[in-house]
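> Below is one structure. I have some questions about it.
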Amino acid sequence: MITFEKKTRLFHLRGKNYSYLMYVNQAGFLQTLHYGGIAESDGEFFAAQGAPFAPDASNWNFDMSFSEMPSEYAFFAHGDFREPTAIVSREDGGVASRFRYVSHKIYRGVPEVSGMPHARSGGETLEITLKDDFSPAEIKLNYTAFEDSDVLVRNAEILNTGDRPFMLKRAFSFCTELPDGKFSLMRLHGTWGAERSPDVKPLGYGTVRLQSMRGTSSHQMNPFMGLLRANCTEDEGECYGFQLVYSGSFALTAEVSPIGRLRLQGGVNDMNFGWKLEAGERFVSPQTVLCYSADGLGNLSREYADFLRNYVIHPDYAFRRRPVVVNHWEATEFNYDNEKLFEIIDAAKGLGIDTFVMDDGWFGARDTDFAGLGDWYVNEKKLKGGLKAVIDRCKKNGLKFGLWFEPEMVNEDSDLYRAHPDWAIHQDGVALCRARNQLVLDFTRKEVVDHIYEMMSKVLKENDIGYVKWDMNRHITENFSAALPPDRQGELMHRFTLGVYDLADRLTRAFPEILFEGCASGGGRFDSGMLYYFPQIWTSDDTDAYERAKIQWGTSICYPLSSMSCHVSVCPNLQTHRTIPFATRGAVASLGAFGYELNLAEMSAEERELTKKQTADYLKTDELILKGDLYRICSPFTDDWFCEMVVSKDKKNAYLVCERLRGVPLYLPQTVRLKGLDPEKKYFIEETKLTASGRTLMNHGIAIPYLTEYESMILHLREIK
Ligand code: DGJ
């Protein structure tokens, strides 16, 4: 619900459990008043208290007013010395700005955002227009609140209302302020094979900046920032989340002012950013999903999961059963031919697997990672009879077929590069920086995106394909486009991301029956921007069930379980050389979109039996994974256990996974208290055949049998009357 109180010019946005209050002060500045637990539209009360730092219109001394004035869109070079939200650089080089309220409107639904991922529907939107006193920049702030959710979606649009161009040197999506900075800041940092590891440190004075400058949201820092009060745990205490619906270079900042106030901002990374706005042009910033929880981090995660499933992920897929796939990459890498693939495909029969995914190596001259990227036509020398032969073999075994692409990339040893060397991002005279022997295509250019679209759609049209894995294996360097004029080179990173969205949008619209999976050297582009197009993402190249427990835990902080592709792979694990029982690998992988990443033909008879059990079990739990609520119980970062459970919305079913992470010398009975059940219901535990009330299971707990290191336990609970 969104209301406006005319007398005090106060806006009140209400979600399920939060209030967001702001007002237009007497000098016309839009100020944050309150963001947190429910409050009332007590405009007179706020006014009588002097509201925070209302400057006197007749005396705009910055030391008295602007330097600590809370702002919903902070201006630059005019007395607010904290980080600005936007920098508008005029033709004469002047950069001072002062944004003031002009008008607003409130309507049902979400704002229109074209060319970028966004909340698709629902909610109520407040649109506030501000105007810069010193330039022709007009700023539209969009706020969408949802009655059934604790998220608030924000972005900003900047319009050039003048007749001369100006340059945006920063154009963040949002700014908000809290009265104190007494929080710990959570970031999800990492690297290849170890993505989204939660790191929590107290905030101090000054600015903390989380960012990616890599052209993707990155393994290294996820576009998410959490703020946790000192007493915040999984289940109690206040916390906030700020999540960008964006897949490119981003920045999120938290700045504690000299008097201890906290300003939070973020959007497209402004490092070497410069966006030229001609007269009449508009810059639209990516959406940010703010979330408030008074009931701990677990509740914040469930709010994010619900929001992404209900409003961001494509409705045709958000709650649709995901296929159990087998991918041959770890089994063969590039070394395969029909025979090797047929062995794996034939071995899938009877195991409960739905889809075979052919990974890297099927196209062009792709026998190693030195060649072939960009040539999206089948290598018939390697695959006799082309894709059809493999697809027919899949069909014979009752499997659907999936195919790997890496659309944004090119090898110098490729027909595409030989024909269009200037299509790769490069700058004449600057040494090329390669990664995995490949270059990045210049997706700021429409002709490049069009060409890749044509090649890919030909393959997808001509073959019976049910699944596409879209990979992206290097970051952007040299930051230069041969097609952009000098004064627009600062647009490269964002335009590249828009090019990726354009291709993803066109392909997913043209082939609605194909399930697209995102991937970027594992989970290097795991963000809600990608989830708008691809309902699931390969979580990490690290499939070791010890490491995966950590990666999946961290990822679940702000993404739903159903968005994480999780596969059982061989042991010793190819990345960590650790050996973990097959059953445990299955248990951990069952907490996501499930599958296998190994040579099925080399499995032992015992492993085949376990596979049948795992896929059958998965049919029992996939509804929970798709639609249920996650409760994190024992953290792989701090406990000897990894333990998570998923509970259906109606509380009738639950699924618990426990993995012993560190062995101990003695058997000391362990009890784990369950969460999220209905205290009034009675539950039957399938594996132990025991029955107990939700109240007992949550207040007392269940005993975990003795498990040695890396052994696991799964429990299925259902209500009995
Ligand atoms: C990186 C991905 O994460 C892997 O799963 C695999 O697809 C390889 N790329 C193939 O090159």
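Here, A, B, ... name the chains of the structure tokens in the order displayed, residue numbers run from 1 inside each chain, and ligands are numbered from 1 in the same displayed order.
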Using only C-alpha atoms and all ligand atoms, what table do you get, as a tab-separated table, when you list each residue of chain A with an atom no more than 8 Å from ligand 1, its nearest pair of atoms, and their distance in Å rounded to one decimal, rows by chain then rising number?


residue	atom	partner	partner_atom_place_in_ligand_line	distance
A:Trp329	CA	ligand 1	6 (C)	6.0
A:Glu330	CA	ligand 1	5 (O)	7.7
A:Glu333	CA	ligand 1	10 (C)	7.2
A:Asp359	CA	ligand 1	7 (O)	5.6
A:Asp360	CA	ligand 1	10 (C)	4.8
A:Gly361	CA	ligand 1	11 (O)	7.7
A:Asp369	CA	ligand 1	11 (O)	7.6
A:Trp404	CA	ligand 1	7 (O)	7.0
A:Lys469	CA	ligand 1	7 (O)	7.7
A:Asp471	CA	ligand 1	2 (C)	6.3
A:Met472	CA	ligand 1	1 (C)	7.4
A:Asn473	CA	ligand 1	1 (C)	6.2
A:Cys519	CA	ligand 1	3 (O)	5.9
A:Ala520	CA	ligand 1	3 (O)	5.8
A:Ser521	CA	ligand 1	3 (O)	3.7
A:Gly522	CA	ligand 1	3 (O)	3.6
A:Gly523	CA	ligand 1	3 (O)	7.2
A:Trp538	CA	ligand 1	3 (O)	6.9
A:Ser540	CA	ligand 1	3 (O)	6.7
A:Asp541	CA	ligand 1	3 (O)	5.1

> Skipping near chain neighbours, those fewer than 5 positions away, what residues fall within 7 Å of A:Leu227 using only C-alpha atoms, listed as a VMD selection string?

chain A and resid 183 to 186 239 to 241

> Excluding same-chain residues fewer than 6 positions from A:Leu591, what lies within 8 Å of it counting only C-alpha atoms, as a PyMOL selection string?

chain A and resi 561+566+625

> Would you kindly return, as a short mmCIF file (atom, residue, chain, number, x, y, z; two decimals) with N, CA and C atoms, in the first residue's frame, each protein, DNA or RNA residue with an atom no farther than 10 Å from any atom of stretch 430-444 of chain A, considering only C-alpha atoms and excluding same-chain residues fewer than 5 positions away?


data_model
loop_
_atom_site.label_atom_id
_atom_site.label_comp_id
_atom_site.auth_asym_id
_atom_site.auth_seq_id
_atom_site.Cartn_x
_atom_site.Cartn_y
_atom_site.Cartn_z
N THR A 368 40.02 -28.41 -28.39
CA THR A 368 40.70 -27.90 -27.19
C THR A 368 40.10 -26.53 -26.93
N ASP A 369 40.56 -25.88 -25.87
CA ASP A 369 39.99 -24.54 -25.64
C ASP A 369 40.72 -23.44 -26.41
N PHE A 370 41.54 -23.83 -27.39
CA PHE A 370 42.20 -22.83 -28.22
C PHE A 370 41.38 -22.45 -29.46
N ALA A 371 40.35 -23.23 -29.78
CA ALA A 371 39.68 -23.00 -31.06
C ALA A 371 38.18 -23.17 -30.97
N GLY A 372 37.51 -22.59 -31.94
CA GLY A 372 36.12 -22.93 -32.23
C GLY A 372 35.05 -21.99 -31.69
N LEU A 373 35.31 -21.30 -30.58
CA LEU A 373 34.23 -20.46 -30.03
C LEU A 373 33.80 -19.43 -31.06
N GLY A 374 32.52 -19.31 -31.26
CA GLY A 374 31.98 -18.39 -32.26
C GLY A 374 31.45 -19.12 -33.48
N PRO A 407 27.77 -17.98 -25.97
CA PRO A 407 27.44 -17.02 -27.03
C PRO A 407 28.31 -15.77 -27.08
N GLU A 408 28.83 -15.33 -25.93
CA GLU A 408 29.51 -14.04 -25.90
C GLU A 408 30.99 -14.12 -26.26
N MET A 409 31.46 -15.31 -26.65
CA MET A 409 32.90 -15.51 -26.76
C MET A 409 33.35 -15.88 -28.16
N VAL A 410 34.65 -15.67 -28.39
CA VAL A 410 35.25 -16.06 -29.67
C VAL A 410 36.71 -16.47 -29.45
N ASN A 411 37.14 -17.49 -30.19
CA ASN A 411 38.57 -17.83 -30.24
C ASN A 411 39.17 -17.18 -31.47
N GLU A 412 40.43 -16.79 -31.37
CA GLU A 412 41.07 -16.25 -32.59
C GLU A 412 41.13 -17.31 -33.67
N ASP A 413 41.26 -18.56 -33.24
CA ASP A 413 41.23 -19.66 -34.20
C ASP A 413 39.76 -20.08 -34.40
N TYR A 417 36.15 -15.25 -36.08
CA TYR A 417 37.21 -14.24 -35.83
C TYR A 417 37.95 -13.90 -37.12
N PRO A 421 37.59 -9.86 -37.21
CA PRO A 421 38.46 -9.68 -36.03
C PRO A 421 38.06 -8.48 -35.18
N ASP A 422 37.45 -7.48 -35.81
CA ASP A 422 37.08 -6.27 -35.03
C ASP A 422 35.86 -6.51 -34.15
N TRP A 423 35.22 -7.66 -34.26
CA TRP A 423 34.06 -7.94 -33.40
C TRP A 423 34.48 -8.35 -31.99
N ALA A 424 35.74 -8.65 -31.82
CA ALA A 424 36.21 -8.97 -30.46
C ALA A 424 36.57 -7.67 -29.75
N ILE A 425 36.30 -7.61 -28.47
CA ILE A 425 36.66 -6.41 -27.71
C ILE A 425 38.19 -6.30 -27.70
N VAL A 449 25.41 -9.15 -32.04
CA VAL A 449 24.35 -9.88 -31.34
C VAL A 449 23.43 -10.55 -32.37
N ASP A 450 23.10 -9.80 -33.43
CA ASP A 450 22.22 -10.37 -34.48
C ASP A 450 22.85 -11.63 -35.09
N ILE A 452 25.09 -13.71 -33.83
CA ILE A 452 25.10 -14.85 -32.90
C ILE A 452 23.68 -15.39 -32.76
N MET A 472 29.74 -18.69 -19.93
CA MET A 472 30.48 -17.41 -20.11
C MET A 472 31.77 -17.53 -19.32
N ASN A 473 32.89 -17.75 -19.99
CA ASN A 473 34.09 -18.18 -19.26
C ASN A 473 35.23 -17.17 -19.14
N ARG A 474 34.99 -15.92 -19.38
CA ARG A 474 36.05 -14.96 -19.06
C ARG A 474 35.46 -13.58 -18.85
N HIS A 475 36.27 -12.73 -18.25
CA HIS A 475 35.82 -11.36 -17.97
C HIS A 475 36.35 -10.41 -19.03
N ILE A 476 35.85 -9.21 -18.98
CA ILE A 476 36.19 -8.23 -20.02
C ILE A 476 37.45 -7.46 -19.64
N THR A 477 38.35 -7.35 -20.63
CA THR A 477 39.53 -6.50 -20.45
C THR A 477 39.63 -5.57 -21.66
N GLU A 478 40.55 -4.70 -21.63
CA GLU A 478 40.82 -3.69 -22.66
C GLU A 478 39.69 -2.65 -22.80
N ASN A 479 38.52 -2.95 -22.27
CA ASN A 479 37.40 -1.99 -22.17
C ASN A 479 37.34 -0.98 -23.31
N PHE A 480 37.19 -1.47 -24.51
CA PHE A 480 37.15 -0.56 -25.66
C PHE A 480 36.29 -1.19 -26.76
N SER A 481 35.47 -0.36 -27.37
CA SER A 481 34.69 -0.86 -28.51
C SER A 481 35.09 -0.09 -29.76
N ALA A 482 35.41 -0.84 -30.82
CA ALA A 482 35.78 -0.20 -32.08
C ALA A 482 34.59 0.55 -32.66
N ALA A 483 33.41 0.30 -32.16
CA ALA A 483 32.21 0.91 -32.74
C ALA A 483 31.73 2.14 -31.97
N LEU A 484 32.33 2.41 -30.83
CA LEU A 484 31.85 3.56 -30.05
C LEU A 484 32.78 4.76 -30.22
N GLU A 491 30.54 3.83 -21.91
CA GLU A 491 29.25 3.12 -21.95
C GLU A 491 29.43 1.63 -22.18
N LEU A 492 30.68 1.24 -22.50
CA LEU A 492 30.93 -0.13 -22.96
C LEU A 492 30.38 -1.21 -22.02
N MET A 493 30.75 -1.14 -20.74
CA MET A 493 30.40 -2.24 -19.83
C MET A 493 28.89 -2.41 -19.71
N HIS A 494 28.18 -1.30 -19.57
CA HIS A 494 26.72 -1.42 -19.42
C HIS A 494 26.08 -1.84 -20.74
N ARG A 495 26.57 -1.25 -21.85
CA ARG A 495 26.01 -1.64 -23.16
C ARG A 495 26.26 -3.11 -23.44
N PHE A 496 27.41 -3.63 -23.02
CA PHE A 496 27.69 -5.06 -23.20
C PHE A 496 26.60 -5.88 -22.49
N THR A 497 26.33 -5.51 -21.24
CA THR A 497 25.31 -6.24 -20.47
C THR A 497 23.95 -6.14 -21.16
N LEU A 498 23.63 -4.96 -21.70
CA LEU A 498 22.35 -4.81 -22.41
C LEU A 498 22.32 -5.72 -23.64
N GLY A 499 23.48 -5.89 -24.29
CA GLY A 499 23.56 -6.79 -25.45
C GLY A 499 23.30 -8.23 -25.04
N VAL A 500 23.85 -8.63 -23.89
CA VAL A 500 23.61 -9.99 -23.38
C VAL A 500 22.12 -10.17 -23.10
N TYR A 501 21.51 -9.17 -22.45
CA TYR A 501 20.07 -9.26 -22.15
C TYR A 501 19.26 -9.34 -23.45
N ASP A 502 19.69 -8.58 -24.45
CA ASP A 502 18.96 -8.57 -25.72
C ASP A 502 18.96 -9.98 -26.34
N LEU A 503 20.13 -10.60 -26.36
CA LEU A 503 20.22 -11.94 -26.95
C LEU A 503 19.41 -12.95 -26.12
#

> So, with only C-alpha atoms as the atoms that count, which of A:Leu341, A:Cys643, A:Leu297, A:Val256 lies closest to A:Tyr205?

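Counting only C-alpha atoms, the residue closest to A:Tyr205 is A:Val256.
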
> So how many Å separate atom CA of A:Ile704 and atom CA of A:Cys658, to one decimal?

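Distance between the two atoms: 8.7 Å.
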
> Using DSSP assignments from the backbone, pull out every residue in stretch 108-345 of chain A that falls under alpha helix (DSSP H) and give it to me as a list of chain:residue names.

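Taking stretch 108-345 of chain A and keeping alpha helix (DSSP H) gives A:Gly296, A:Leu297, A:Gly298, A:Asn299, A:Leu300, A:Ser301, A:Arg302, A:Glu303, A:Tyr304, A:Ala305, A:Asp306, A:Phe307, A:Pro315, A:Asp316, A:Tyr317, A:Ala318, A:Trp329, A:Glu330, A:Ala331, A:Thr332, A:Asn338, A:Glu339, A:Lys340, A:Leu341, A:Phe342, A:Glu343, A:Ile344, A:Ile345.
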
> Could you take the residues named above and write them with C-alpha atoms, as a PDB file, in the first residue's frame?


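Saved the output as result_26.pdb:
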ATOM      1  CA  GLY A 296      16.512 -12.883  11.088  1.00  0.00           C
ATOM      2  CA  LEU A 297      18.410 -13.799   7.985  1.00  0.00           C
ATOM      3  CA  GLY A 298      16.402 -16.952   7.305  1.00  0.00           C
ATOM      4  CA  ASN A 299      13.260 -14.880   6.855  1.00  0.00           C
ATOM      5  CA  LEU A 300      15.125 -12.425   4.603  1.00  0.00           C
ATOM      6  CA  SER A 301      16.183 -15.361   2.390  1.00  0.00           C
ATOM      7  CA  ARG A 302      12.639 -16.721   2.223  1.00  0.00           C
ATOM      8  CA  GLU A 303      11.330 -13.283   1.254  1.00  0.00           C
ATOM      9  CA  TYR A 304      13.901 -13.020  -1.543  1.00  0.00           C
ATOM     10  CA  ALA A 305      13.158 -16.567  -2.718  1.00  0.00           C
ATOM     11  CA  ASP A 306       9.418 -15.888  -2.854  1.00  0.00           C
ATOM     12  CA  PHE A 307       9.875 -12.576  -4.589  1.00  0.00           C
ATOM     13  CA  PRO A 315       6.155 -17.666 -14.771  1.00  0.00           C
ATOM     14  CA  ASP A 316       6.220 -20.588 -17.230  1.00  0.00           C
ATOM     15  CA  TYR A 317       9.238 -21.999 -15.404  1.00  0.00           C
ATOM     16  CA  ALA A 318       9.250 -20.576 -11.892  1.00  0.00           C
ATOM     17  CA  TRP A 329      31.620 -32.444 -19.161  1.00  0.00           C
ATOM     18  CA  GLU A 330      33.458 -33.795 -16.132  1.00  0.00           C
ATOM     19  CA  ALA A 331      33.454 -37.285 -17.693  1.00  0.00           C
ATOM     20  CA  THR A 332      34.996 -36.371 -21.037  1.00  0.00           C
ATOM     21  CA  ASN A 338      29.553 -40.489 -30.817  1.00  0.00           C
ATOM     22  CA  GLU A 339      30.613 -43.726 -29.178  1.00  0.00           C
ATOM     23  CA  LYS A 340      31.642 -42.142 -25.889  1.00  0.00           C
ATOM     24  CA  LEU A 341      28.448 -40.105 -25.694  1.00  0.00           C
ATOM     25  CA  PHE A 342      26.276 -43.050 -26.688  1.00  0.00           C
ATOM     26  CA  GLU A 343      27.744 -45.074 -23.829  1.00  0.00           C
ATOM     27  CA  ILE A 344      26.644 -42.413 -21.351  1.00  0.00           C
ATOM     28  CA  ILE A 345      23.254 -41.948 -23.010  1.00  0.00           C
TER      29      ILE A 345
END

> Here is a test: counting only C-alpha atoms, which residue of A:Val588, A:Ala549, A:Leu351, A:Ala419 is nearest to A:Arg608?

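Ranked by minimum distance to A:Arg608, first place goes to A:Leu351.
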